[in-house]
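Below is the file model.cif, which contains mmCIF, C-alpha atoms and all ligand atoms.
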data_data
#
loop_
_atom_site.group_PDB
_atom_site.id
_atom_site.type_symbol
_atom_site.label_atom_id
_atom_site.label_comp_id
_atom_site.auth_asym_id
_atom_site.auth_seq_id
_atom_site.Cartn_x
_atom_site.Cartn_y
_atom_site.Cartn_z
ATOM 1 C CA MET A 141 9.133 -12.622 4.240
ATOM 2 C CA ASP A 142 9.206 -12.213 7.986
ATOM 3 C CA ASN A 143 9.468 -9.433 10.547
ATOM 4 C CA MET A 144 6.757 -7.198 9.212
ATOM 5 C CA GLU A 145 7.419 -4.566 11.848
ATOM 6 C CA LYS A 146 11.039 -4.188 10.703
ATOM 7 C CA LEU A 147 10.134 -4.151 7.007
ATOM 8 C CA VAL A 148 7.394 -1.586 7.509
ATOM 9 C CA ARG A 149 9.532 0.668 9.704
ATOM 10 C CA GLU A 150 12.459 0.521 7.275
ATOM 11 C CA ARG A 151 10.470 1.007 4.070
ATOM 12 C CA ARG A 152 10.225 4.463 2.573
ATOM 13 C CA SER A 153 9.493 5.657 -0.898
ATOM 14 C CA VAL A 154 12.705 5.568 -2.944
ATOM 15 C CA ARG A 155 12.891 8.027 -5.826
ATOM 16 C CA THR A 156 16.696 8.208 -6.174
ATOM 17 C CA PHE A 157 18.440 5.012 -7.252
ATOM 18 C CA ASP A 158 22.168 4.291 -7.591
ATOM 19 C CA GLY A 159 22.129 3.250 -11.265
ATOM 20 C CA ARG A 160 22.963 -0.430 -10.718
ATOM 21 C CA GLU A 161 20.805 -2.985 -12.491
ATOM 22 C CA LEU A 162 19.037 -5.584 -10.378
ATOM 23 C CA THR A 163 21.173 -8.708 -9.985
ATOM 24 C CA ALA A 164 19.930 -11.790 -11.819
ATOM 25 C CA GLU A 165 19.415 -13.433 -8.442
ATOM 26 C CA ASP A 166 17.235 -10.628 -7.075
ATOM 27 C CA LYS A 167 15.236 -10.503 -10.305
ATOM 28 C CA GLU A 168 14.600 -14.221 -10.140
ATOM 29 C CA LYS A 169 13.559 -14.042 -6.496
ATOM 30 C CA LEU A 170 11.158 -11.201 -7.277
ATOM 31 C CA CYS A 171 9.626 -13.049 -10.222
ATOM 32 C CA ASN A 172 9.176 -16.222 -8.163
ATOM 33 C CA TYR A 173 7.557 -14.248 -5.381
ATOM 34 C CA ILE A 174 5.212 -12.429 -7.747
ATOM 35 C CA ALA A 175 3.826 -15.768 -8.882
ATOM 36 C CA SER A 176 2.725 -16.446 -5.283
ATOM 37 C CA ILE A 177 1.000 -13.118 -4.588
ATOM 38 C CA ASP A 178 -2.653 -13.474 -3.645
ATOM 39 C CA ASN A 179 -5.324 -11.047 -2.413
ATOM 40 C CA PRO A 180 -8.348 -11.468 -0.141
ATOM 41 C CA TYR A 181 -10.772 -10.738 -2.988
ATOM 42 C CA GLY A 182 -9.401 -13.585 -5.106
ATOM 43 C CA LEU A 183 -9.075 -11.289 -8.130
ATOM 44 C CA PRO A 184 -6.455 -12.125 -10.775
ATOM 45 C CA ILE A 185 -3.652 -9.541 -11.099
ATOM 46 C CA GLU A 186 -0.976 -9.686 -13.775
ATOM 47 C CA PHE A 187 2.433 -8.196 -12.951
ATOM 48 C CA LYS A 188 4.928 -7.234 -15.622
ATOM 49 C CA LEU A 189 8.526 -6.002 -15.481
ATOM 50 C CA LEU A 190 8.995 -2.992 -17.736
ATOM 51 C CA PRO A 191 12.569 -2.181 -18.763
ATOM 52 C CA GLN A 192 13.467 1.250 -20.084
ATOM 53 C CA MET A 193 10.688 3.310 -18.588
ATOM 54 C CA GLY A 194 10.920 6.601 -16.758
ATOM 55 C CA CYS A 195 8.931 9.051 -14.721
ATOM 56 C CA PRO A 196 9.714 12.618 -13.707
ATOM 57 C CA VAL A 197 10.128 12.028 -9.957
ATOM 58 C CA VAL A 198 12.498 9.071 -10.256
ATOM 59 C CA VAL A 199 16.210 8.999 -11.138
ATOM 60 C CA GLY A 200 18.808 6.224 -11.342
ATOM 61 C CA THR A 201 16.785 3.313 -12.722
ATOM 62 C CA GLU A 202 14.814 2.504 -15.840
ATOM 63 C CA LEU A 203 13.316 -0.735 -14.601
ATOM 64 C CA TYR A 204 9.690 -0.564 -13.479
ATOM 65 C CA ILE A 205 7.052 -3.014 -12.431
ATOM 66 C CA GLY A 206 3.422 -2.567 -13.321
ATOM 67 C CA ALA A 207 0.349 -4.653 -12.720
ATOM 68 C CA LYS A 208 -3.019 -4.792 -14.387
ATOM 69 C CA MET A 209 -6.368 -6.363 -13.728
ATOM 70 C CA LYS A 210 -9.873 -6.532 -15.099
ATOM 71 C CA TYR A 211 -12.179 -3.642 -14.257
ATOM 72 C CA THR A 212 -14.299 -5.150 -11.492
ATOM 73 C CA PRO A 213 -15.636 -4.212 -8.021
ATOM 74 C CA HIS A 214 -12.973 -4.071 -5.279
ATOM 75 C CA LEU A 215 -10.182 -3.957 -7.850
ATOM 76 C CA ASN A 216 -8.497 -1.080 -6.028
ATOM 77 C CA GLU A 217 -8.413 -2.734 -2.610
ATOM 78 C CA ALA A 218 -7.223 -6.007 -4.163
ATOM 79 C CA PHE A 219 -4.549 -4.154 -6.125
ATOM 80 C CA GLY A 220 -3.351 -2.244 -3.064
ATOM 81 C CA TYR A 221 -3.064 -5.441 -1.048
ATOM 82 C CA ALA A 222 -1.206 -7.373 -3.759
ATOM 83 C CA PHE A 223 1.147 -4.617 -4.918
ATOM 84 C CA GLU A 224 2.090 -3.826 -1.321
ATOM 85 C CA LYS A 225 3.101 -7.464 -0.854
ATOM 86 C CA LEU A 226 5.494 -6.942 -3.732
ATOM 87 C CA VAL A 227 6.767 -3.685 -2.210
ATOM 88 C CA LEU A 228 7.457 -5.370 1.132
ATOM 89 C CA TYR A 229 9.138 -8.349 -0.476
ATOM 90 C CA ALA A 230 11.348 -6.015 -2.513
ATOM 91 C CA GLN A 231 12.213 -4.213 0.733
ATOM 92 C CA SER A 232 13.272 -7.538 2.260
ATOM 93 C CA LEU A 233 15.782 -7.923 -0.603
ATOM 94 C CA GLY A 234 17.097 -4.350 -0.238
ATOM 95 C CA ILE A 235 15.323 -3.254 -3.429
ATOM 96 C CA GLY A 236 13.802 0.229 -3.359
ATOM 97 C CA THR A 237 10.304 1.032 -4.618
ATOM 98 C CA VAL A 238 7.869 3.920 -4.700
ATOM 99 C CA TRP A 239 4.191 3.640 -5.428
ATOM 100 C CA VAL A 240 3.503 5.813 -8.488
ATOM 101 C CA GLY A 241 -0.106 6.448 -9.443
ATOM 102 C CA GLY A 242 -0.050 10.057 -10.573
ATOM 103 C CA THR A 243 3.363 11.428 -11.451
ATOM 104 C CA MET A 244 3.942 9.469 -14.632
ATOM 105 C CA ASP A 245 3.011 9.373 -18.299
ATOM 106 C CA ARG A 246 0.104 7.000 -17.724
ATOM 107 C CA GLY A 247 -0.443 6.433 -21.454
ATOM 108 C CA ALA A 248 3.143 5.278 -21.965
ATOM 109 C CA PHE A 249 2.924 2.817 -19.085
ATOM 110 C CA GLU A 250 -0.470 1.503 -20.187
ATOM 111 C CA LYS A 251 0.965 0.892 -23.628
ATOM 112 C CA ALA A 252 3.944 -0.949 -22.181
ATOM 113 C CA MET A 253 1.532 -3.029 -20.087
ATOM 114 C CA GLU A 254 -0.508 -3.853 -23.225
ATOM 115 C CA LEU A 255 -3.651 -2.776 -21.446
ATOM 116 C CA SER A 256 -6.944 -3.746 -23.074
ATOM 117 C CA GLU A 257 -10.241 -1.823 -22.815
ATOM 118 C CA ASP A 258 -11.616 -3.823 -19.901
ATOM 119 C CA GLU A 259 -8.401 -3.630 -17.877
ATOM 120 C CA VAL A 260 -6.878 -1.072 -15.506
ATOM 121 C CA MET A 261 -3.301 -0.443 -14.399
ATOM 122 C CA PRO A 262 -3.682 1.514 -11.160
ATOM 123 C CA CYS A 263 -0.012 2.101 -10.207
ATOM 124 C CA VAL A 264 3.563 1.208 -11.072
ATOM 125 C CA SER A 265 6.870 1.323 -9.207
ATOM 126 C CA PRO A 266 10.499 1.671 -10.199
ATOM 127 C CA LEU A 267 12.816 -1.091 -8.983
ATOM 128 C CA GLY A 268 16.485 -0.650 -8.132
ATOM 129 C CA TYR A 269 18.958 -0.130 -5.345
ATOM 130 C CA PRO A 270 18.538 3.073 -3.331
ATOM 131 C CA ALA A 271 21.229 5.735 -3.750
ATOM 132 C CA ASN A 272 22.991 6.939 -0.613
ATOM 133 C CA LYS A 273 21.713 10.467 -1.101
ATOM 134 C CA MET A 274 18.235 11.605 -2.093
ATOM 135 C CA SER A 275 17.888 13.982 -5.017
ATOM 136 C CA VAL A 276 16.897 17.558 -4.145
ATOM 137 C CA ARG A 277 13.571 16.963 -5.861
ATOM 138 C CA GLU A 278 12.926 13.874 -3.750
ATOM 139 C CA LYS A 279 13.711 15.782 -0.551
ATOM 140 C CA MET A 280 11.299 18.510 -1.583
ATOM 141 C CA MET A 281 8.585 16.012 -2.430
ATOM 142 C CA ARG A 282 8.929 14.394 0.978
ATOM 143 C CA LYS A 283 8.640 17.764 2.679
ATOM 144 C CA GLY A 284 5.612 18.683 0.582
ATOM 145 C CA VAL A 285 3.566 15.713 1.797
ATOM 146 C CA LYS A 286 5.189 15.479 5.263
ATOM 147 C CA ALA A 287 6.244 11.983 4.246
ATOM 148 C CA ASP A 288 7.942 11.226 7.557
ATOM 149 C CA SER A 289 4.908 11.816 9.738
ATOM 150 C CA ARG A 290 1.792 9.780 10.454
ATOM 151 C CA PHE A 291 -1.389 10.288 12.506
ATOM 152 C CA PRO A 292 -1.144 9.181 16.133
ATOM 153 C CA PHE A 293 -2.492 5.688 16.868
ATOM 154 C CA GLU A 294 -5.571 6.850 18.749
ATOM 155 C CA GLU A 295 -6.671 9.113 15.883
ATOM 156 C CA ILE A 296 -7.103 6.193 13.529
ATOM 157 C CA THR A 297 -8.170 3.453 15.948
ATOM 158 C CA PHE A 298 -11.450 3.123 17.843
ATOM 159 C CA ARG A 299 -13.266 0.712 20.127
ATOM 160 C CA ASN A 300 -16.853 -0.263 19.272
ATOM 161 C CA SER A 301 -17.730 3.093 17.717
ATOM 162 C CA PHE A 302 -16.058 6.180 16.304
ATOM 163 C CA ASP A 303 -16.774 7.935 19.630
ATOM 164 C CA THR A 304 -14.158 6.016 21.607
ATOM 165 C CA PRO A 305 -10.477 6.166 20.599
ATOM 166 C CA LEU A 306 -8.434 3.030 21.236
ATOM 167 C CA THR A 307 -4.984 3.878 22.566
ATOM 168 C CA ALA A 308 -1.825 1.989 21.702
ATOM 169 C CA ASP A 309 -1.568 0.814 25.325
ATOM 170 C CA ALA A 310 -5.091 -0.560 25.335
ATOM 171 C CA ALA A 311 -4.755 -2.314 21.978
ATOM 172 C CA GLY A 312 -2.973 -5.327 23.495
ATOM 173 C CA LYS A 313 -2.005 -7.959 20.929
ATOM 174 C CA LEU A 314 -3.565 -5.898 18.153
ATOM 175 C CA PHE A 315 -1.018 -3.148 18.708
ATOM 176 C CA LEU A 316 1.499 -4.282 16.087
ATOM 177 C CA PRO A 317 -0.973 -5.194 13.337
ATOM 178 C CA ILE A 318 -2.535 -1.732 13.693
ATOM 179 C CA GLU A 319 0.817 0.019 14.141
ATOM 180 C CA THR A 320 1.993 -1.364 10.787
ATOM 181 C CA VAL A 321 -1.203 -0.019 9.211
ATOM 182 C CA ARG A 322 -0.497 3.361 10.784
ATOM 183 C CA LEU A 323 2.977 3.461 9.241
ATOM 184 C CA ALA A 324 1.883 2.359 5.765
ATOM 185 C CA PRO A 325 2.426 4.420 2.601
ATOM 186 C CA SER A 326 -0.566 6.219 1.125
ATOM 187 C CA ALA A 327 -1.276 8.528 -1.782
ATOM 188 C CA VAL A 328 -0.144 12.063 -0.865
ATOM 189 C CA ASN A 329 0.364 10.595 2.627
ATOM 190 C CA LYS A 330 -3.333 11.125 3.431
ATOM 191 C CA GLN A 331 -3.589 7.941 5.552
ATOM 192 C CA PRO A 332 -7.318 7.363 4.980
ATOM 193 C CA TRP A 333 -7.516 4.218 7.127
ATOM 194 C CA ARG A 334 -9.674 4.094 10.239
ATOM 195 C CA ILE A 335 -10.138 0.926 12.287
ATOM 196 C CA VAL A 336 -12.944 0.109 14.699
ATOM 197 C CA VAL A 337 -12.277 -2.889 16.931
ATOM 198 C CA ALA A 338 -15.505 -4.426 18.202
ATOM 199 C CA ASP A 339 -15.338 -7.755 20.083
ATOM 200 C CA ASP A 340 -13.253 -10.061 17.906
ATOM 201 C CA VAL A 341 -13.511 -8.095 14.666
ATOM 202 C CA ALA A 342 -11.436 -5.234 13.253
ATOM 203 C CA HIS A 343 -13.519 -3.163 10.853
ATOM 204 C CA PHE A 344 -11.713 -1.077 8.231
ATOM 205 C CA TYR A 345 -13.170 2.220 7.027
ATOM 206 C CA MET A 346 -11.914 4.781 4.553
ATOM 207 C CA GLN A 347 -11.959 8.438 5.492
ATOM 208 C CA ARG A 348 -12.270 10.066 2.075
ATOM 209 C CA SER A 349 -10.032 13.137 1.638
ATOM 210 C CA LYS A 350 -11.291 16.226 -0.131
ATOM 211 C CA ASN A 351 -10.250 16.346 -3.808
ATOM 212 C CA PHE A 352 -9.844 12.564 -3.964
ATOM 213 C CA ASN A 353 -12.691 11.240 -6.007
ATOM 214 C CA GLY A 354 -13.342 7.590 -6.322
ATOM 215 C CA GLY A 355 -13.203 6.818 -10.015
ATOM 216 C CA ARG A 356 -12.289 3.653 -11.854
ATOM 217 C CA ILE A 357 -8.872 3.954 -10.293
ATOM 218 C CA ASP A 358 -9.299 5.079 -6.698
ATOM 219 C CA MET A 359 -6.014 5.898 -4.964
ATOM 220 C CA GLN A 360 -7.564 5.956 -1.506
ATOM 221 C CA LYS A 361 -9.099 2.517 -1.944
ATOM 222 C CA ILE A 362 -5.664 1.346 -3.031
ATOM 223 C CA ASP A 363 -4.392 2.794 0.275
ATOM 224 C CA MET A 364 -7.035 0.736 2.060
ATOM 225 C CA GLY A 365 -5.791 -2.412 0.344
ATOM 226 C CA ILE A 366 -2.311 -1.585 1.620
ATOM 227 C CA ALA A 367 -3.761 -1.249 5.133
ATOM 228 C CA LEU A 368 -5.477 -4.651 4.884
ATOM 229 C CA CYS A 369 -2.209 -6.199 3.736
ATOM 230 C CA HIS A 370 -0.195 -4.800 6.643
ATOM 231 C CA PHE A 371 -2.815 -5.815 9.211
ATOM 232 C CA GLU A 372 -3.222 -9.356 7.948
ATOM 233 C CA LEU A 373 0.462 -10.149 7.452
ATOM 234 C CA THR A 374 1.464 -8.683 10.818
ATOM 235 C CA ALA A 375 -1.378 -10.451 12.638
ATOM 236 C CA LYS A 376 -0.313 -13.750 11.094
ATOM 237 C CA GLU A 377 3.255 -13.174 12.234
ATOM 238 C CA GLN A 378 2.014 -12.459 15.748
ATOM 239 C CA GLY A 379 0.178 -15.791 15.841
ATOM 240 C CA ILE A 380 -3.230 -14.128 15.477
ATOM 241 C CA SER A 381 -5.472 -15.964 13.052
ATOM 242 C CA THR A 382 -7.649 -13.813 10.825
ATOM 243 C CA GLU A 383 -10.638 -14.309 8.584
ATOM 244 C CA PHE A 384 -11.406 -11.717 5.913
ATOM 245 C CA VAL A 385 -15.080 -10.729 5.729
ATOM 246 C CA PHE A 386 -17.131 -8.124 3.904
ATOM 247 C CA GLU A 387 -20.023 -7.460 6.298
ATOM 248 C CA GLU A 388 -20.633 -3.866 7.263
ATOM 249 C CA PRO A 389 -21.489 -3.621 10.976
ATOM 250 C CA ASN A 390 -24.110 -1.280 12.309
ATOM 251 C CA ILE A 391 -21.673 1.421 13.405
ATOM 252 C CA PRO A 392 -22.702 5.034 12.735
ATOM 253 C CA LYS A 393 -20.212 6.804 10.471
ATOM 254 C CA LYS A 394 -19.805 10.212 8.896
ATOM 255 C CA ASP A 395 -20.872 10.847 5.304
ATOM 256 C CA ASP A 396 -17.290 11.016 4.074
ATOM 257 C CA MET A 397 -16.508 7.567 5.428
ATOM 258 C CA GLU A 398 -16.929 4.301 3.619
ATOM 259 C CA TYR A 399 -16.870 0.758 4.958
ATOM 260 C CA ILE A 400 -14.165 -1.312 3.252
ATOM 261 C CA ALA A 401 -13.851 -4.738 4.910
ATOM 262 C CA SER A 402 -13.255 -6.505 8.232
ATOM 263 C CA TYR A 403 -10.986 -9.106 9.773
ATOM 264 C CA LYS A 404 -12.386 -11.467 12.359
ATOM 265 C CA PHE A 405 -9.479 -12.411 14.583
ATOM 266 C CA LYS A 406 -8.577 -15.039 17.182
ATOM 267 C CA ILE A 407 -5.823 -14.123 19.601
HETATM 268 C C1 LIG B 1 -1.594 4.632 -4.010
HETATM 269 C C2 LIG B 1 -0.363 5.486 -3.943
HETATM 270 C C3 LIG B 1 -0.037 6.344 -4.986
HETATM 271 C C4 LIG B 1 1.119 7.138 -4.943
HETATM 272 N N1 LIG B 1 1.450 7.915 -6.035
HETATM 273 C C5 LIG B 1 2.619 8.595 -6.020
HETATM 274 C C6 LIG B 1 3.029 9.321 -7.177
HETATM 275 O O1 LIG B 1 2.328 9.399 -8.186
HETATM 276 N N2 LIG B 1 4.233 9.958 -7.147
HETATM 277 C C7 LIG B 1 5.053 9.915 -6.051
HETATM 278 O O2 LIG B 1 6.136 10.487 -6.086
HETATM 279 N N3 LIG B 1 4.680 9.247 -4.921
HETATM 280 C C8 LIG B 1 3.499 8.572 -4.891
HETATM 281 N N4 LIG B 1 3.137 7.856 -3.771
HETATM 282 C C9 LIG B 1 4.037 7.783 -2.600
HETATM 283 C C10 LIG B 1 3.531 8.585 -1.404
HETATM 284 O O3 LIG B 1 3.704 9.963 -1.647
HETATM 285 C C11 LIG B 1 4.281 8.131 -0.131
HETATM 286 O O4 LIG B 1 4.016 6.795 0.112
HETATM 287 C C12 LIG B 1 3.910 8.954 1.089
HETATM 288 O O5 LIG B 1 4.262 10.294 0.911
HETATM 289 C C13 LIG B 1 4.601 8.439 2.367
HETATM 290 O O6 LIG B 1 5.997 8.441 2.217
HETATM 291 P P1 LIG B 1 6.815 7.092 2.402
HETATM 292 O O7 LIG B 1 6.311 6.113 1.357
HETATM 293 O O8 LIG B 1 8.252 7.455 2.176
HETATM 294 O O9 LIG B 1 6.562 6.567 3.787
HETATM 295 C C14 LIG B 1 1.968 7.073 -3.791
HETATM 296 C C15 LIG B 1 1.621 6.227 -2.738
HETATM 297 C C16 LIG B 1 0.488 5.433 -2.800
HETATM 298 C C17 LIG B 1 0.193 4.493 -1.675
#
Would you give me this structure, written as structure tokens?
Amino acid sequence: MDNMEKLVRERRSVRTFDGRELTAEDKEKLCNYIASIDNPYGLPIEFKLLPQMGCPVVVGTELYIGAKMKYTPHLNEAFGYAFEKLVLYAQSLGIGTVWVGGTMDRGAFEKAMELSEDEVMPCVSPLGYPANKMSVREKMMRKGVKADSRFPFEEITFRNSFDTPLTADAAGKLFLPIETVRLAPSAVNKQPWRIVVADDVAHFYMQRSKNFNGGRIDMQKIDMGIALCHFELTAKEQGISTEFVFEEPNIPKKDDMEYIASYKFKI
């Protein structure tokens, strides 16, 4: 996988597929890639292809992919990171995906995943080739969550503290890693990621949205995992070395914010 910027800019949620089955070659590539997917928390995640599934927002394919893991701290961030790697790789093959965490028969998918008591299956995605035209329902869904818009760079990026916005122009070599975070998919397009750059560390915080409670499965922490994935992979591509750390800095934050993790970086 290369050219993160292109992949991220071209990716969108696909809910209308053209009915073709995945080619054997694409399926094999996906399965080989899945075996290599890691996450910064080192937590095991088991992916499974699920034929003959369905969910109300998706038409034109019955093939899904799900993933499950043990119930453990940081499972959501780890899941978000790992599943997004799959999403981006699929994009590189021309395979459409959409993160689905709410609009499905969760019980049916958990059964198909053979989930045990101590495991969770946070999200699934259909897999297939995008249709030329979106269904009316898909168009309406996109409108409903303003799926084509994102917060401006300086509303999610800060220098040293949350008092000082960091503009795209001033971000220098960190521009692209942060820009790919900005453009990432998130549950109901809430974009909870906030980044504070202080010296040679980028600190990631979650701005919790109202009505999004953090339970066992926490969609907004999954979003944060997606953000970590985009930052790290894009930084690597830009020749910036990163080290993942979990050390909350002494930066004052609002009550509805939560520290997630940081990347030390060397430009
Ligand atoms: C964790 C997560 C859960 C999501 N759950 C659903 C879902 O249940 N149903 C759905 O149609 N879209 C779901 N989405 C897709 C988002 O609505 C979509 O990513 C967002 O609106 C931005 O649109 P885009 O992906 O086309 O850029 C989910 C996305 C994420 C990251």
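Using all atoms listed in the file, the residues found no farther than 9 Å from A:Val198, other than those of its own chain fewer than 3 positions away, are Val154, Arg155, Thr156, Phe157, Gly194, Cys195, Thr201, Glu202, Val238, Pro266, Ser275 and Glu278 of chain A.
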Residue nearest A:His370 - candidates A:Glu186, A:Glu319, A:Glu161, A:Glu294, atoms counted: all atoms listed in the file: A:Glu319
Under the PyMOL selection byres (((not hetatm)) within 6 of (chain B and resi 1)), which residues of this model are included? Write them out as JSON, numbers by chain. {"A": [152, 153, 197, 238, 239, 240, 241, 242, 243, 285, 287, 325, 326, 327, 328, 329, 359, 362, 363]}
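Candidate residues A:Ser402, A:Val337, A:Val199, A:Lys394 were compared for distance to A:Gly312, and the nearest is A:Val337, using only C-alpha atoms.
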Between atom CA of A:Ile174 and atom CA of A:Asn216 - distance in Å to one decimal: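 For atom CA of A:Asn216 relative to atom CA of A:Ile174, the distance reads 17.9 Å.
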For A:Met253, which residue out of A:Arg149, A:Lys313, A:Lys188, A:Lys283 is the nearest one, using all atoms listed in the file?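 Nearest candidate to A:Met253 out of A:Arg149, A:Lys313, A:Lys188, A:Lys283: A:Lys188.
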May I ask for the distance between atom CA of A:Tyr211 and atom CA of A:Val260, given in Å to one decimal place?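 Rounded to one decimal, the two atoms are 6.0 Å apart.
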Go through the shown structure with the PyMOL selection byres (((chain A and resi 295-306) around 10) and not hetatm) and write out the matching residues as number ranges by chain. A: 291-294, 307-311, 315, 318-319, 321-322, 331-339, 341-345, 347, 390-394
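The nearest approach to A:Glu398 among the residues A:Gln378, A:Ser256, A:Gln360, A:Ser289, with all atoms listed in the file taken into account, belongs to A:Gln360.
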Nearest to A:Arg246, chosen from A:Gly206, A:Thr212, A:Val227, A:Asp178, with all atoms listed in the file counted in the distances: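 Checking each of A:Gly206, A:Thr212, A:Val227, A:Asp178 against A:Arg246, counting all atoms listed in the file, the winner is A:Gly206.
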How far is it from atom CA of A:Leu368 to atom CA of A:Thr320, in Å with one decimal?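 Here the two named atoms are 10.1 Å from each other.
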Taking only C-alpha atoms into account, name the residue in A:Pro262, A:Met209, A:Gly234, A:Leu267 that is nearest to A:Leu189.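 Using only C-alpha atoms, A:Leu189 sits closest to A:Leu267.
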Once the PyMOL selection byres (((chain A and resi 147) around 10) and not hetatm) has been evaluated on this model, what residues remain selected, and can you format them as a ChimeraX atom specification? /A:141-146,148-152,227-232,320
With 8 Å as the threshold, what does the neighbourhood of (14.2, 9.8, 4.5) contain in terms of residues, counting only C-alpha atoms? Coordinates are those of the file; answer as a list of chain:residue names. A:Arg152, A:Met274, A:Lys279, A:Arg282, A:Asp288
Edge lengths and centre in Å to one decimal, as lines of an AutoDock Vina configuration file, of the axis-aligned box that encloses all listed atoms of stretch 300-311 of chain A with 4 Å added on every side?
center_x = -9.6
center_y = 2.8
center_z = 20.8
size_x = 24.2
size_y = 18.2
size_z = 17.0
Please provide the set of residues having any atom within 8 Å of A:Asp158, restricted to all atoms listed in the file, with same-chain residues fewer than 4 positions apart removed, written as an NGL selection string. :A and (200-201 or 268-272)
Restricting the output to C-alpha atoms, write the selected residues as an mmCIF file, in the coordinates of the input.
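Full text of again.cif as output:
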data_model
loop_
_atom_site.group_PDB
_atom_site.id
_atom_site.type_symbol
_atom_site.label_atom_id
_atom_site.label_comp_id
_atom_site.auth_asym_id
_atom_site.auth_seq_id
_atom_site.Cartn_x
_atom_site.Cartn_y
_atom_site.Cartn_z
ATOM 1 C CA GLY A 200 18.808 6.224 -11.342
ATOM 2 C CA THR A 201 16.785 3.313 -12.722
ATOM 3 C CA GLY A 268 16.485 -0.650 -8.132
ATOM 4 C CA TYR A 269 18.958 -0.130 -5.345
ATOM 5 C CA PRO A 270 18.538 3.073 -3.331
ATOM 6 C CA ALA A 271 21.229 5.735 -3.750
ATOM 7 C CA ASN A 272 22.991 6.939 -0.613
#
Stretch 148-160 of chain A rebuilt with N, CA and C atoms, output as a PDB file, in the frame of the given file:
ATOM      1  N   VAL A 148       8.267  -2.759   7.628  1.00  0.00           N
ATOM      2  CA  VAL A 148       7.394  -1.586   7.509  1.00  0.00           C
ATOM      3  C   VAL A 148       8.103  -0.337   8.038  1.00  0.00           C
ATOM      4  N   ARG A 149       8.830  -0.503   9.147  1.00  0.00           N
ATOM      5  CA  ARG A 149       9.532   0.668   9.704  1.00  0.00           C
ATOM      6  C   ARG A 149      10.673   1.125   8.792  1.00  0.00           C
ATOM      7  N   GLU A 150      11.309   0.160   8.117  1.00  0.00           N
ATOM      8  CA  GLU A 150      12.459   0.521   7.275  1.00  0.00           C
ATOM      9  C   GLU A 150      12.059   1.014   5.892  1.00  0.00           C
ATOM     10  N   ARG A 151      10.877   0.598   5.424  1.00  0.00           N
ATOM     11  CA  ARG A 151      10.470   1.007   4.070  1.00  0.00           C
ATOM     12  C   ARG A 151      10.221   2.505   4.005  1.00  0.00           C
ATOM     13  N   ARG A 152      10.632   3.106   2.904  1.00  0.00           N
ATOM     14  CA  ARG A 152      10.225   4.463   2.573  1.00  0.00           C
ATOM     15  C   ARG A 152      10.165   4.517   1.062  1.00  0.00           C
ATOM     16  N   SER A 153       9.492   5.497   0.546  1.00  0.00           N
ATOM     17  CA  SER A 153       9.493   5.657  -0.898  1.00  0.00           C
ATOM     18  C   SER A 153      10.905   5.982  -1.354  1.00  0.00           C
ATOM     19  N   VAL A 154      11.379   5.288  -2.383  1.00  0.00           N
ATOM     20  CA  VAL A 154      12.705   5.568  -2.944  1.00  0.00           C
ATOM     21  C   VAL A 154      12.514   6.158  -4.338  1.00  0.00           C
ATOM     22  N   ARG A 155      13.021   7.354  -4.519  1.00  0.00           N
ATOM     23  CA  ARG A 155      12.891   8.027  -5.826  1.00  0.00           C
ATOM     24  C   ARG A 155      14.267   8.311  -6.449  1.00  0.00           C
ATOM     25  N   THR A 156      15.332   8.018  -5.671  1.00  0.00           N
ATOM     26  CA  THR A 156      16.696   8.208  -6.174  1.00  0.00           C
ATOM     27  C   THR A 156      17.436   6.880  -6.057  1.00  0.00           C
ATOM     28  N   PHE A 157      17.780   6.319  -7.220  1.00  0.00           N
ATOM     29  CA  PHE A 157      18.440   5.012  -7.252  1.00  0.00           C
ATOM     30  C   PHE A 157      19.901   5.186  -7.656  1.00  0.00           C
ATOM     31  N   ASP A 158      20.718   4.124  -7.387  1.00  0.00           N
ATOM     32  CA  ASP A 158      22.168   4.291  -7.591  1.00  0.00           C
ATOM     33  C   ASP A 158      22.643   3.897  -8.989  1.00  0.00           C
ATOM     34  N   GLY A 159      21.732   3.524  -9.884  1.00  0.00           N
ATOM     35  CA  GLY A 159      22.129   3.250 -11.265  1.00  0.00           C
ATOM     36  C   GLY A 159      22.486   1.794 -11.542  1.00  0.00           C
ATOM     37  N   ARG A 160      22.652   0.991 -10.492  1.00  0.00           N
ATOM     38  CA  ARG A 160      22.963  -0.430 -10.718  1.00  0.00           C
ATOM     39  C   ARG A 160      21.724  -1.172 -11.193  1.00  0.00           C
TER      40      ARG A 160
END
